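**Q** Mind looking over this structure? Questions follow.
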Amino acid sequence: MLAGAKTRTARAREYLMCPPERFTVEYAINPWMDTDRPVDTELAVKQWRGLRETLVRLGHTVHTLDPVAGLPDMVYAANGAFTVDGHVYGARFRYEQRRAEAAHHRAWYLAHGWSDFHIPEHTNEGEGDFAYANGLVLAGYGFRTTVAAHAEAQEALGRPVISLRLVDPRFYHLDTALAALDDETVAYWPGAFSPASQRVLAQLFPDALIADEADALAFGLNLVSDSRHVVLNSAASGLVGKLAARGYEPVPVELAELLKGGGSVKCCIAELRR
């Protein structure tokens with residue numbers, strides 16, 4: 001940590017995850033998926049369990065959504081909904097291969113007391129394209145979520161929604177290019193966003209941590225943070241150093257097998273904000 005870096009305080013979080021027992025790459029709906037690269041399911045489960053155990057060790061509560069046969073991407077639990085203040089804005093997936101996931105997420109939330117569940121009319125992929133920071137909902141569009149969903153989410157959640165345009169198909173979801181580190185700070189890679197959206201982010205978050213392209217491509221920004229501990233892909237070594245210099249405690253984990261589906265730490269974790 002650099003001299004003068006802020007002392008960070010962790011806050012216990014509540015998460016939802018889905019084990020990758022059904023995880024395969026049977027189709028390609030993002031640039032990272034290659035059906036010719038076989039998935040080692042046993043290794044994927046081992047790496048996922050390591051991630052879950054890390055979160056529990058850090059003091060967080062982790063709920064589990066049961067995987068469903070024929071829905072291999074359910075392991076990416078972040079995509080099923082977005083929550084703020086106890087309100088839930090459900091997902092409506094762009095691709096047919098994932099659309100049935102939405103009903104399973106909705107059933108879980110309703111069964112666990114989240115009665116204010118908004119079923120969307122517009123295409124969106126939950127926390128894949130929504131992030132929460134400083135009282136704002138940051139919302140990505142351009143590949144998976146439509147901009148019309150942003151206005152719908154604002155009505156459902158009662159929080160201001162800031163639209164950010166994604167322009168690089170490698171960063172097809174907001175959570176591959178931007179992450180909230182605490183209530184006031186975000187980390188992002190500018191190249192994933194349109195010039196206008198870069199200006200918006202610079203105005204809203206002048207003290208943001210700016211990642212480099214290599215760490216972004218290593219899915220380093222696909223992270224979760226409790227405002228002190230930052231759990232991220234171990235391959236993003238440069239970002240580890242930048243986080244430590246800001247007073248955060250990086251917690252690298254290995255998720256190479258799940259990266260074959262185009263996701264890493266955050267994709268596997270939905271945060272439940274009551």
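Residues in the structure tokens are named by chain (A, B, ... in the order shown) and by number from 1 within that chain; ligands are numbered from 1 in the order shown.
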I'd like to know which residues of stretch 19-264 of chain A are strand (DSSP E or B) (by DSSP, run on the backbone); could you write them as a ChimeraX atom specification?

**A** /A:61-64,81-84,87-90,92,117-118,124,130-133,136-141,161-166,178-180,186-188,193,209-210,224-225,229-233,249-253

**Q** Sorted by chain and rising residue number, which residues of stretch 165-199 of chain A lie within 10 Å of stretch 229-252 of chain A, and what are their closest atom pairs and distances in Å to one decimal, counting only C-alpha atoms, as a tab-separated table?

**A**
```
residue	atom	partner	partner_atom	distance
A:Leu181	CA	A:Val230	CA	7.4
A:Asp182	CA	A:Val230	CA	9.8
A:Ala187	CA	A:Leu243	CA	9.3
```

**Q** What lies within 6 Å of stretch 265-269 of chain A using only C-alpha atoms, ignoring chain neighbours under 4 positions off, as a list in words?

**A** Leu16, Met17, Val75, Tyr76, Ala77, Ala78, Asn222, Leu223 and Val224 of chain A

**Q** With the cut-off set at 9 Å and counting only C-alpha atoms, tabulate each residue of stretch 116-203 of chain A with an atom at most that distance from an atom of stretch 94-99 of chain A, showing the nearest atom pair and its distance in Å to one decimal, ordered by chain and increasing number, as a Markdown table.

**A**
```
| residue | atom | partner | partner_atom | distance |
| --- | --- | --- | --- | --- |
| A:Thr123 | CA | A:Arg94 | CA | 6.0 |
| A:Asn124 | CA | A:Arg94 | CA | 7.1 |
| A:Glu125 | CA | A:Arg94 | CA | 7.7 |
| A:Phe143 | CA | A:Arg94 | CA | 8.9 |
| A:Arg144 | CA | A:Arg94 | CA | 5.9 |
| A:Thr145 | CA | A:Arg94 | CA | 7.5 |
```

**Q** Find the residue from A:Ala151, A:Ala131, A:Ala44, A:Ala192 that sits nearest to A:Ala81; use only C-alpha atoms when measuring.

**A**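 For A:Ala81, the nearest of the given residues is A:Ala131.
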
**Q** Mind listing the alpha helix (DSSP H) residues of stretch 12-211 of chain A, per DSSP on the backbone, as a VMD selection string?

**A** chain A and resid 41 to 57 101 to 111 148 to 157 195 to 204

**Q** Which residue, A:Glu152, A:Val161, A:Trp114, A:Leu55, has the smallest gap to A:Gly135 when you use only C-alpha atoms?

**A**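 Smallest separation from A:Gly135 among the options: A:Val161.
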
**Q** Could you give me, as a PDB file with all heavy atoms, in the first residue's frame, the residues within 12 Å of A:Val84, counting only C-alpha atoms and dropping anything in the same chain fewer than 4 positions from it?

**A**
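The result, written out as selection.pdb:
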```pdb
ATOM      1  N   VAL A  88     -36.157  -6.260  -7.051  1.00  0.00           N
ATOM      2  CA  VAL A  88     -35.481  -7.148  -8.008  1.00  0.00           C
ATOM      3  C   VAL A  88     -35.956  -6.836  -9.418  1.00  0.00           C
ATOM      4  O   VAL A  88     -37.169  -6.862  -9.696  1.00  0.00           O
ATOM      5  CB  VAL A  88     -35.756  -8.629  -7.705  1.00  0.00           C
ATOM      6  CG1 VAL A  88     -34.868  -9.523  -8.588  1.00  0.00           C
ATOM      7  CG2 VAL A  88     -35.529  -8.952  -6.238  1.00  0.00           C
ATOM      8  N   TYR A  89     -35.021  -6.548 -10.293  1.00  0.00           N
ATOM      9  CA  TYR A  89     -35.299  -6.385 -11.716  1.00  0.00           C
ATOM     10  C   TYR A  89     -34.809  -7.638 -12.416  1.00  0.00           C
ATOM     11  O   TYR A  89     -33.606  -7.915 -12.460  1.00  0.00           O
ATOM     12  CB  TYR A  89     -34.590  -5.136 -12.244  1.00  0.00           C
ATOM     13  CG  TYR A  89     -34.827  -4.854 -13.718  1.00  0.00           C
ATOM     14  CD1 TYR A  89     -36.118  -4.697 -14.219  1.00  0.00           C
ATOM     15  CD2 TYR A  89     -33.763  -4.741 -14.593  1.00  0.00           C
ATOM     16  CE1 TYR A  89     -36.331  -4.431 -15.563  1.00  0.00           C
ATOM     17  CE2 TYR A  89     -33.969  -4.463 -15.935  1.00  0.00           C
ATOM     18  CZ  TYR A  89     -35.259  -4.322 -16.410  1.00  0.00           C
ATOM     19  OH  TYR A  89     -35.469  -4.050 -17.746  1.00  0.00           O
ATOM     20  N   GLY A  90     -35.736  -8.432 -12.919  1.00  0.00           N
ATOM     21  CA  GLY A  90     -35.388  -9.717 -13.510  1.00  0.00           C
ATOM     22  C   GLY A  90     -34.730  -9.604 -14.874  1.00  0.00           C
ATOM     23  O   GLY A  90     -34.714  -8.526 -15.491  1.00  0.00           O
ATOM     24  N   TRP A 114     -38.076 -12.425  -1.790  1.00  0.00           N
ATOM     25  CA  TRP A 114     -37.914 -11.222  -2.607  1.00  0.00           C
ATOM     26  C   TRP A 114     -39.210 -11.008  -3.388  1.00  0.00           C
ATOM     27  O   TRP A 114     -39.307 -11.306  -4.579  1.00  0.00           O
ATOM     28  CB  TRP A 114     -36.722 -11.378  -3.546  1.00  0.00           C
ATOM     29  CG  TRP A 114     -35.417 -11.521  -2.839  1.00  0.00           C
ATOM     30  CD1 TRP A 114     -34.924 -12.636  -2.218  1.00  0.00           C
ATOM     31  CD2 TRP A 114     -34.431 -10.497  -2.662  1.00  0.00           C
ATOM     32  NE1 TRP A 114     -33.693 -12.375  -1.674  1.00  0.00           N
ATOM     33  CE2 TRP A 114     -33.364 -11.080  -1.927  1.00  0.00           C
ATOM     34  CE3 TRP A 114     -34.338  -9.163  -3.056  1.00  0.00           C
ATOM     35  CZ2 TRP A 114     -32.224 -10.352  -1.569  1.00  0.00           C
ATOM     36  CZ3 TRP A 114     -33.199  -8.445  -2.710  1.00  0.00           C
ATOM     37  CH2 TRP A 114     -32.161  -9.035  -1.979  1.00  0.00           C
ATOM     38  N   ASP A 116     -40.843  -8.255  -4.255  1.00  0.00           N
ATOM     39  CA  ASP A 116     -40.924  -7.159  -5.218  1.00  0.00           C
ATOM     40  C   ASP A 116     -40.056  -7.495  -6.428  1.00  0.00           C
ATOM     41  O   ASP A 116     -38.966  -6.955  -6.613  1.00  0.00           O
ATOM     42  CB  ASP A 116     -40.495  -5.843  -4.580  1.00  0.00           C
ATOM     43  CG  ASP A 116     -40.718  -4.659  -5.502  1.00  0.00           C
ATOM     44  OD1 ASP A 116     -41.425  -4.815  -6.511  1.00  0.00           O
ATOM     45  OD2 ASP A 116     -40.175  -3.575  -5.223  1.00  0.00           O
ATOM     46  N   PHE A 117     -40.551  -8.405  -7.230  1.00  0.00           N
ATOM     47  CA  PHE A 117     -39.805  -8.898  -8.397  1.00  0.00           C
ATOM     48  C   PHE A 117     -40.456  -8.351  -9.655  1.00  0.00           C
ATOM     49  O   PHE A 117     -41.631  -8.610  -9.927  1.00  0.00           O
ATOM     50  CB  PHE A 117     -39.799 -10.427  -8.427  1.00  0.00           C
ATOM     51  CG  PHE A 117     -38.842 -11.010  -9.434  1.00  0.00           C
ATOM     52  CD1 PHE A 117     -37.644 -11.564  -9.028  1.00  0.00           C
ATOM     53  CD2 PHE A 117     -39.141 -10.989 -10.793  1.00  0.00           C
ATOM     54  CE1 PHE A 117     -36.755 -12.096  -9.959  1.00  0.00           C
ATOM     55  CE2 PHE A 117     -38.260 -11.506 -11.732  1.00  0.00           C
ATOM     56  CZ  PHE A 117     -37.056 -12.070 -11.310  1.00  0.00           C
ATOM     57  N   HIS A 118     -39.683  -7.568 -10.416  1.00  0.00           N
ATOM     58  CA  HIS A 118     -40.200  -6.965 -11.647  1.00  0.00           C
ATOM     59  C   HIS A 118     -39.812  -7.839 -12.836  1.00  0.00           C
ATOM     60  O   HIS A 118     -38.637  -8.043 -13.126  1.00  0.00           O
ATOM     61  CB  HIS A 118     -39.635  -5.558 -11.831  1.00  0.00           C
ATOM     62  CG  HIS A 118     -40.195  -4.846 -13.016  1.00  0.00           C
ATOM     63  ND1 HIS A 118     -41.301  -4.019 -12.951  1.00  0.00           N
ATOM     64  CD2 HIS A 118     -39.824  -4.855 -14.324  1.00  0.00           C
ATOM     65  CE1 HIS A 118     -41.577  -3.539 -14.148  1.00  0.00           C
ATOM     66  NE2 HIS A 118     -40.688  -4.036 -15.000  1.00  0.00           N
ATOM     67  N   GLY A 126     -29.339  -8.794 -16.326  1.00  0.00           N
ATOM     68  CA  GLY A 126     -29.076  -8.672 -14.902  1.00  0.00           C
ATOM     69  C   GLY A 126     -27.792  -7.942 -14.578  1.00  0.00           C
ATOM     70  O   GLY A 126     -27.437  -6.940 -15.214  1.00  0.00           O
ATOM     71  N   GLU A 127     -27.098  -8.452 -13.560  1.00  0.00           N
ATOM     72  CA  GLU A 127     -25.860  -7.801 -13.134  1.00  0.00           C
ATOM     73  C   GLU A 127     -24.760  -7.882 -14.180  1.00  0.00           C
ATOM     74  O   GLU A 127     -23.722  -7.237 -14.030  1.00  0.00           O
ATOM     75  CB  GLU A 127     -25.366  -8.407 -11.810  1.00  0.00           C
ATOM     76  CG  GLU A 127     -26.030  -7.812 -10.601  1.00  0.00           C
ATOM     77  CD  GLU A 127     -25.200  -8.000  -9.348  1.00  0.00           C
ATOM     78  OE1 GLU A 127     -24.738  -9.133  -9.093  1.00  0.00           O
ATOM     79  OE2 GLU A 127     -25.026  -7.024  -8.614  1.00  0.00           O
ATOM     80  N   PHE A 130     -25.586  -4.371 -15.231  1.00  0.00           N
ATOM     81  CA  PHE A 130     -25.931  -3.359 -14.231  1.00  0.00           C
ATOM     82  C   PHE A 130     -24.956  -3.444 -13.059  1.00  0.00           C
ATOM     83  O   PHE A 130     -24.640  -4.536 -12.586  1.00  0.00           O
ATOM     84  CB  PHE A 130     -27.354  -3.567 -13.705  1.00  0.00           C
ATOM     85  CG  PHE A 130     -28.432  -3.297 -14.704  1.00  0.00           C
ATOM     86  CD1 PHE A 130     -29.060  -4.346 -15.364  1.00  0.00           C
ATOM     87  CD2 PHE A 130     -28.832  -2.001 -15.009  1.00  0.00           C
ATOM     88  CE1 PHE A 130     -30.066  -4.111 -16.295  1.00  0.00           C
ATOM     89  CE2 PHE A 130     -29.837  -1.756 -15.937  1.00  0.00           C
ATOM     90  CZ  PHE A 130     -30.454  -2.817 -16.586  1.00  0.00           C
ATOM     91  N   ALA A 131     -24.499  -2.297 -12.596  1.00  0.00           N
ATOM     92  CA  ALA A 131     -23.633  -2.219 -11.422  1.00  0.00           C
ATOM     93  C   ALA A 131     -24.155  -1.101 -10.526  1.00  0.00           C
ATOM     94  O   ALA A 131     -24.802  -0.156 -11.002  1.00  0.00           O
ATOM     95  CB  ALA A 131     -22.185  -1.936 -11.828  1.00  0.00           C
ATOM     96  N   TYR A 132     -23.848  -1.198  -9.234  1.00  0.00           N
ATOM     97  CA  TYR A 132     -24.350  -0.220  -8.269  1.00  0.00           C
ATOM     98  C   TYR A 132     -23.179   0.468  -7.591  1.00  0.00           C
ATOM     99  O   TYR A 132     -22.294  -0.185  -7.031  1.00  0.00           O
ATOM    100  CB  TYR A 132     -25.220  -0.924  -7.229  1.00  0.00           C
ATOM    101  CG  TYR A 132     -25.853   0.022  -6.231  1.00  0.00           C
ATOM    102  CD1 TYR A 132     -26.869   0.895  -6.629  1.00  0.00           C
ATOM    103  CD2 TYR A 132     -25.447   0.047  -4.904  1.00  0.00           C
ATOM    104  CE1 TYR A 132     -27.451   1.766  -5.726  1.00  0.00           C
ATOM    105  CE2 TYR A 132     -26.026   0.909  -3.987  1.00  0.00           C
ATOM    106  CZ  TYR A 132     -27.028   1.766  -4.402  1.00  0.00           C
ATOM    107  OH  TYR A 132     -27.598   2.628  -3.507  1.00  0.00           O
ATOM    108  N   ALA A 133     -23.157   1.810  -7.650  1.00  0.00           N
ATOM    109  CA  ALA A 133     -22.079   2.573  -7.030  1.00  0.00           C
ATOM    110  C   ALA A 133     -22.560   3.982  -6.709  1.00  0.00           C
ATOM    111  O   ALA A 133     -23.178   4.644  -7.563  1.00  0.00           O
ATOM    112  CB  ALA A 133     -20.863   2.643  -7.960  1.00  0.00           C
ATOM    113  N   GLY A 135     -24.945   5.243  -5.026  1.00  0.00           N
ATOM    114  CA  GLY A 135     -26.366   5.513  -5.164  1.00  0.00           C
ATOM    115  C   GLY A 135     -26.891   5.461  -6.581  1.00  0.00           C
ATOM    116  O   GLY A 135     -28.077   5.679  -6.821  1.00  0.00           O
ATOM    117  N   LEU A 136     -26.010   5.156  -7.527  1.00  0.00           N
ATOM    118  CA  LEU A 136     -26.384   5.120  -8.940  1.00  0.00           C
ATOM    119  C   LEU A 136     -26.361   3.696  -9.468  1.00  0.00           C
ATOM    120  O   LEU A 136     -25.559   2.862  -9.028  1.00  0.00           O
ATOM    121  CB  LEU A 136     -25.413   5.957  -9.770  1.00  0.00           C
ATOM    122  CG  LEU A 136     -25.256   7.427  -9.405  1.00  0.00           C
ATOM    123  CD1 LEU A 136     -24.133   8.040 -10.228  1.00  0.00           C
ATOM    124  CD2 LEU A 136     -26.560   8.183  -9.627  1.00  0.00           C
ATOM    125  N   VAL A 137     -27.214   3.430 -10.440  1.00  0.00           N
ATOM    126  CA  VAL A 137     -27.144   2.184 -11.195  1.00  0.00           C
ATOM    127  C   VAL A 137     -26.439   2.491 -12.509  1.00  0.00           C
ATOM    128  O   VAL A 137     -26.929   3.300 -13.313  1.00  0.00           O
ATOM    129  CB  VAL A 137     -28.546   1.610 -11.462  1.00  0.00           C
ATOM    130  CG1 VAL A 137     -28.442   0.350 -12.325  1.00  0.00           C
ATOM    131  CG2 VAL A 137     -29.256   1.291 -10.153  1.00  0.00           C
ATOM    132  N   ALA A 153     -35.605  -0.345 -15.759  1.00  0.00           N
ATOM    133  CA  ALA A 153     -34.931  -0.656 -14.492  1.00  0.00           C
ATOM    134  C   ALA A 153     -35.052   0.505 -13.516  1.00  0.00           C
ATOM    135  O   ALA A 153     -35.236   0.300 -12.307  1.00  0.00           O
ATOM    136  CB  ALA A 153     -33.464  -0.983 -14.753  1.00  0.00           C
ATOM    137  N   GLN A 154     -34.945   1.731 -14.007  1.00  0.00           N
ATOM    138  CA  GLN A 154     -35.061   2.887 -13.126  1.00  0.00           C
ATOM    139  C   GLN A 154     -36.436   2.927 -12.468  1.00  0.00           C
ATOM    140  O   GLN A 154     -36.559   3.225 -11.269  1.00  0.00           O
ATOM    141  CB  GLN A 154     -34.804   4.169 -13.913  1.00  0.00           C
ATOM    142  CG  GLN A 154     -34.886   5.434 -13.065  1.00  0.00           C
ATOM    143  CD  GLN A 154     -34.333   6.640 -13.788  1.00  0.00           C
ATOM    144  OE1 GLN A 154     -33.137   6.899 -13.774  1.00  0.00           O
ATOM    145  NE2 GLN A 154     -35.208   7.381 -14.457  1.00  0.00           N
ATOM    146  N   ALA A 156     -38.368   0.322 -11.940  1.00  0.00           N
ATOM    147  CA  ALA A 156     -38.491  -0.840 -11.059  1.00  0.00           C
ATOM    148  C   ALA A 156     -37.710  -0.670  -9.765  1.00  0.00           C
ATOM    149  O   ALA A 156     -38.134  -1.127  -8.700  1.00  0.00           O
ATOM    150  CB  ALA A 156     -38.019  -2.095 -11.788  1.00  0.00           C
ATOM    151  N   LEU A 157     -36.568   0.004  -9.843  1.00  0.00           N
ATOM    152  CA  LEU A 157     -35.644   0.058  -8.718  1.00  0.00           C
ATOM    153  C   LEU A 157     -35.697   1.373  -7.946  1.00  0.00           C
ATOM    154  O   LEU A 157     -35.242   1.440  -6.798  1.00  0.00           O
ATOM    155  CB  LEU A 157     -34.216  -0.184  -9.215  1.00  0.00           C
ATOM    156  CG  LEU A 157     -33.985  -1.519  -9.937  1.00  0.00           C
ATOM    157  CD1 LEU A 157     -32.609  -1.533 -10.591  1.00  0.00           C
ATOM    158  CD2 LEU A 157     -34.139  -2.690  -8.976  1.00  0.00           C
ATOM    159  N   GLY A 158     -36.181   2.443  -8.576  1.00  0.00           N
ATOM    160  CA  GLY A 158     -36.245   3.726  -7.896  1.00  0.00           C
ATOM    161  C   GLY A 158     -34.893   4.347  -7.638  1.00  0.00           C
ATOM    162  O   GLY A 158     -34.720   5.111  -6.683  1.00  0.00           O
ATOM    163  N   ARG A 159     -33.937   4.043  -8.484  1.00  0.00           N
ATOM    164  CA  ARG A 159     -32.592   4.624  -8.400  1.00  0.00           C
ATOM    165  C   ARG A 159     -32.223   5.205  -9.756  1.00  0.00           C
ATOM    166  O   ARG A 159     -32.615   4.663 -10.800  1.00  0.00           O
ATOM    167  CB  ARG A 159     -31.559   3.553  -8.017  1.00  0.00           C
ATOM    168  CG  ARG A 159     -31.685   3.060  -6.585  1.00  0.00           C
ATOM    169  CD  ARG A 159     -31.049   4.041  -5.612  1.00  0.00           C
ATOM    170  NE  ARG A 159     -31.037   3.531  -4.240  1.00  0.00           N
ATOM    171  CZ  ARG A 159     -30.364   4.092  -3.260  1.00  0.00           C
ATOM    172  NH1 ARG A 159     -29.633   5.171  -3.496  1.00  0.00           N
ATOM    173  NH2 ARG A 159     -30.416   3.590  -2.042  1.00  0.00           N
ATOM    174  N   PRO A 160     -31.443   6.297  -9.779  1.00  0.00           N
ATOM    175  CA  PRO A 160     -31.023   6.852 -11.073  1.00  0.00           C
ATOM    176  C   PRO A 160     -30.182   5.854 -11.849  1.00  0.00           C
ATOM    177  O   PRO A 160     -29.313   5.186 -11.282  1.00  0.00           O
ATOM    178  CB  PRO A 160     -30.186   8.077 -10.682  1.00  0.00           C
ATOM    179  CG  PRO A 160     -30.563   8.378  -9.270  1.00  0.00           C
ATOM    180  CD  PRO A 160     -30.934   7.074  -8.637  1.00  0.00           C
ATOM    181  N   VAL A 161     -30.449   5.745 -13.138  1.00  0.00           N
ATOM    182  CA  VAL A 161     -29.718   4.830 -14.006  1.00  0.00           C
ATOM    183  C   VAL A 161     -28.905   5.633 -15.019  1.00  0.00           C
ATOM    184  O   VAL A 161     -29.435   6.507 -15.702  1.00  0.00           O
ATOM    185  CB  VAL A 161     -30.677   3.861 -14.729  1.00  0.00           C
ATOM    186  CG1 VAL A 161     -29.921   3.004 -15.741  1.00  0.00           C
ATOM    187  CG2 VAL A 161     -31.394   2.970 -13.710  1.00  0.00           C
ATOM    188  N   ALA A 270     -24.071 -13.241  -8.061  1.00  0.00           N
ATOM    189  CA  ALA A 270     -25.072 -12.170  -8.003  1.00  0.00           C
ATOM    190  C   ALA A 270     -25.077 -11.594  -6.590  1.00  0.00           C
ATOM    191  O   ALA A 270     -25.179 -12.345  -5.624  1.00  0.00           O
ATOM    192  CB  ALA A 270     -26.456 -12.716  -8.344  1.00  0.00           C
ATOM    193  N   GLU A 271     -24.946 -10.288  -6.468  1.00  0.00           N
ATOM    194  CA  GLU A 271     -25.014  -9.671  -5.147  1.00  0.00           C
ATOM    195  C   GLU A 271     -26.464  -9.372  -4.815  1.00  0.00           C
ATOM    196  O   GLU A 271     -27.214  -8.829  -5.631  1.00  0.00           O
ATOM    197  CB  GLU A 271     -24.184  -8.390  -5.074  1.00  0.00           C
ATOM    198  CG  GLU A 271     -24.196  -7.809  -3.668  1.00  0.00           C
ATOM    199  CD  GLU A 271     -23.190  -6.708  -3.425  1.00  0.00           C
ATOM    200  OE1 GLU A 271     -22.305  -6.511  -4.285  1.00  0.00           O
ATOM    201  OE2 GLU A 271     -23.286  -6.043  -2.381  1.00  0.00           O
ATOM    202  N   LEU A 272     -26.858  -9.714  -3.577  1.00  0.00           N
ATOM    203  CA  LEU A 272     -28.223  -9.512  -3.116  1.00  0.00           C
ATOM    204  C   LEU A 272     -28.244  -8.293  -2.198  1.00  0.00           C
ATOM    205  O   LEU A 272     -27.725  -8.329  -1.081  1.00  0.00           O
ATOM    206  CB  LEU A 272     -28.721 -10.759  -2.362  1.00  0.00           C
ATOM    207  CG  LEU A 272     -28.588 -12.078  -3.138  1.00  0.00           C
ATOM    208  CD1 LEU A 272     -29.054 -13.247  -2.273  1.00  0.00           C
ATOM    209  CD2 LEU A 272     -29.367 -12.030  -4.442  1.00  0.00           C
ATOM    210  N   ARG A 273     -28.818  -7.211  -2.676  1.00  0.00           N
ATOM    211  CA  ARG A 273     -28.831  -5.948  -1.923  1.00  0.00           C
ATOM    212  C   ARG A 273     -30.214  -5.727  -1.335  1.00  0.00           C
ATOM    213  O   ARG A 273     -31.142  -5.352  -2.047  1.00  0.00           O
ATOM    214  CB  ARG A 273     -28.461  -4.772  -2.840  1.00  0.00           C
ATOM    215  CG  ARG A 273     -27.096  -4.941  -3.514  1.00  0.00           C
ATOM    216  CD  ARG A 273     -26.845  -3.823  -4.507  1.00  0.00           C
ATOM    217  NE  ARG A 273     -25.631  -4.055  -5.281  1.00  0.00           N
ATOM    218  CZ  ARG A 273     -25.577  -4.796  -6.384  1.00  0.00           C
ATOM    219  NH1 ARG A 273     -26.677  -5.363  -6.850  1.00  0.00           N
ATOM    220  NH2 ARG A 273     -24.441  -4.961  -7.025  1.00  0.00           N
ATOM    221  N   ARG A 274     -30.349  -5.965  -0.058  1.00  0.00           N
ATOM    222  CA  ARG A 274     -31.660  -5.859   0.592  1.00  0.00           C
ATOM    223  C   ARG A 274     -31.937  -4.422   1.052  1.00  0.00           C
ATOM    224  O   ARG A 274     -31.053  -3.670   1.275  1.00  0.00           O
ATOM    225  CB  ARG A 274     -31.710  -6.812   1.802  1.00  0.00           C
ATOM    226  CG  ARG A 274     -31.610  -8.269   1.389  1.00  0.00           C
ATOM    227  CD  ARG A 274     -31.841  -9.177   2.560  1.00  0.00           C
ATOM    228  NE  ARG A 274     -31.642 -10.581   2.195  1.00  0.00           N
ATOM    229  CZ  ARG A 274     -32.598 -11.363   1.702  1.00  0.00           C
ATOM    230  NH1 ARG A 274     -33.810 -10.900   1.548  1.00  0.00           N
ATOM    231  NH2 ARG A 274     -32.344 -12.626   1.398  1.00  0.00           N
TER     232      ARG A 274
END
```

**Q** Env of A:Val147: 9 Å cut, atoms = only C-alpha atoms, seq-sep filter 4 positions within chain, self excluded. Answer as an NGL selection string.

**A** :A and (122-124 or 139-142 or 151 or 163-165)

**Q** What does the file look like for those residues with N, CA, C and O atoms, as a compact mmCIF listing (two decimals), in the first residue's frame?

**A**
```txt
# COMPACT_ATOMS: atom_id res chain seq x y z
N HIS A 122 -38.17 -5.60 -21.50
CA HIS A 122 -37.05 -5.33 -22.39
C HIS A 122 -35.86 -6.25 -22.09
O HIS A 122 -35.66 -6.68 -20.96
N THR A 123 -35.09 -6.52 -23.13
CA THR A 123 -33.95 -7.41 -23.02
C THR A 123 -32.89 -6.83 -22.09
O THR A 123 -32.45 -5.69 -22.27
N ASN A 124 -32.50 -7.62 -21.10
CA ASN A 124 -31.40 -7.25 -20.21
C ASN A 124 -30.85 -8.51 -19.58
O ASN A 124 -31.54 -9.52 -19.48
N ALA A 139 -25.38 1.28 -16.07
CA ALA A 139 -26.03 0.31 -16.95
C ALA A 139 -25.37 0.29 -18.33
O ALA A 139 -25.26 1.32 -19.00
N GLY A 140 -24.94 -0.90 -18.74
CA GLY A 140 -24.32 -1.05 -20.04
C GLY A 140 -25.32 -1.44 -21.11
O GLY A 140 -26.34 -2.06 -20.84
N TYR A 141 -25.02 -1.05 -22.36
CA TYR A 141 -25.82 -1.49 -23.51
C TYR A 141 -24.93 -1.53 -24.74
O TYR A 141 -23.82 -1.01 -24.74
N GLY A 142 -25.43 -2.20 -25.76
CA GLY A 142 -24.67 -2.29 -27.00
C GLY A 142 -24.56 -3.69 -27.53
O GLY A 142 -24.45 -3.91 -28.75
N ALA A 151 -34.42 2.50 -18.70
CA ALA A 151 -35.56 3.27 -18.17
C ALA A 151 -36.49 2.36 -17.38
O ALA A 151 -37.01 2.75 -16.33
N SER A 163 -26.71 5.40 -18.36
CA SER A 163 -26.47 4.54 -19.52
C SER A 163 -25.04 4.70 -20.04
O SER A 163 -24.56 5.83 -20.24
N LEU A 164 -24.39 3.57 -20.26
CA LEU A 164 -23.01 3.54 -20.75
C LEU A 164 -22.94 2.60 -21.96
O LEU A 164 -23.32 1.43 -21.86
N ARG A 165 -22.45 3.11 -23.06
CA ARG A 165 -22.42 2.32 -24.30
C ARG A 165 -21.13 1.52 -24.41
O ARG A 165 -20.02 2.08 -24.37
```

**Q** Which polymer residues have any atom within 7 Å of an atom of stretch 68-72 of chain A, counting only C-alpha atoms, with same-chain residues fewer than 5 positions away left out, as a PyMOL selection string?

**A** chain A and resi 22-24+98+101

**Q** Got a sec: who's within 12 Å of A:Pro195, counting only C-alpha atoms, leaving out chain neighbours fewer than 5 positions off, as number ranges by chain?

**A** A: 164-167, 190, 200-202

**Q** Pull N, CA, C and O atoms from the residues just selected and write them as an mmCIF file, in the first residue's frame.

**A**
```cif
data_model
loop_
_atom_site.group_PDB
_atom_site.id
_atom_site.type_symbol
_atom_site.label_atom_id
_atom_site.label_comp_id
_atom_site.auth_asym_id
_atom_site.auth_seq_id
_atom_site.Cartn_x
_atom_site.Cartn_y
_atom_site.Cartn_z
ATOM 1 N N LEU A 164 -24.387 3.567 -20.262
ATOM 2 C CA LEU A 164 -23.005 3.538 -20.747
ATOM 3 C C LEU A 164 -22.941 2.601 -21.956
ATOM 4 O O LEU A 164 -23.317 1.431 -21.859
ATOM 5 N N ARG A 165 -22.450 3.106 -23.065
ATOM 6 C CA ARG A 165 -22.424 2.319 -24.300
ATOM 7 C C ARG A 165 -21.127 1.516 -24.410
ATOM 8 O O ARG A 165 -20.023 2.084 -24.371
ATOM 9 N N LEU A 166 -21.268 0.217 -24.565
ATOM 10 C CA LEU A 166 -20.142 -0.684 -24.792
ATOM 11 C C LEU A 166 -19.899 -0.805 -26.288
ATOM 12 O O LEU A 166 -20.848 -0.968 -27.068
ATOM 13 N N VAL A 167 -18.631 -0.751 -26.713
ATOM 14 C CA VAL A 167 -18.335 -0.729 -28.153
ATOM 15 C C VAL A 167 -17.373 -1.819 -28.603
ATOM 16 O O VAL A 167 -17.171 -1.992 -29.806
ATOM 17 N N PRO A 190 -11.231 2.072 -20.058
ATOM 18 C CA PRO A 190 -11.921 3.030 -20.924
ATOM 19 C C PRO A 190 -12.195 2.518 -22.334
ATOM 20 O O PRO A 190 -13.227 2.858 -22.928
ATOM 21 N N VAL A 200 -18.534 10.520 -19.454
ATOM 22 C CA VAL A 200 -19.485 10.411 -18.340
ATOM 23 C C VAL A 200 -18.815 9.760 -17.138
ATOM 24 O O VAL A 200 -18.924 10.248 -16.002
ATOM 25 N N LEU A 201 -18.113 8.668 -17.362
ATOM 26 C CA LEU A 201 -17.438 7.979 -16.261
ATOM 27 C C LEU A 201 -16.377 8.870 -15.615
ATOM 28 O O LEU A 201 -16.235 8.891 -14.387
ATOM 29 N N ALA A 202 -15.648 9.619 -16.422
ATOM 30 C CA ALA A 202 -14.614 10.507 -15.879
ATOM 31 C C ALA A 202 -15.221 11.600 -15.008
ATOM 32 O O ALA A 202 -14.629 12.007 -14.000
#
```
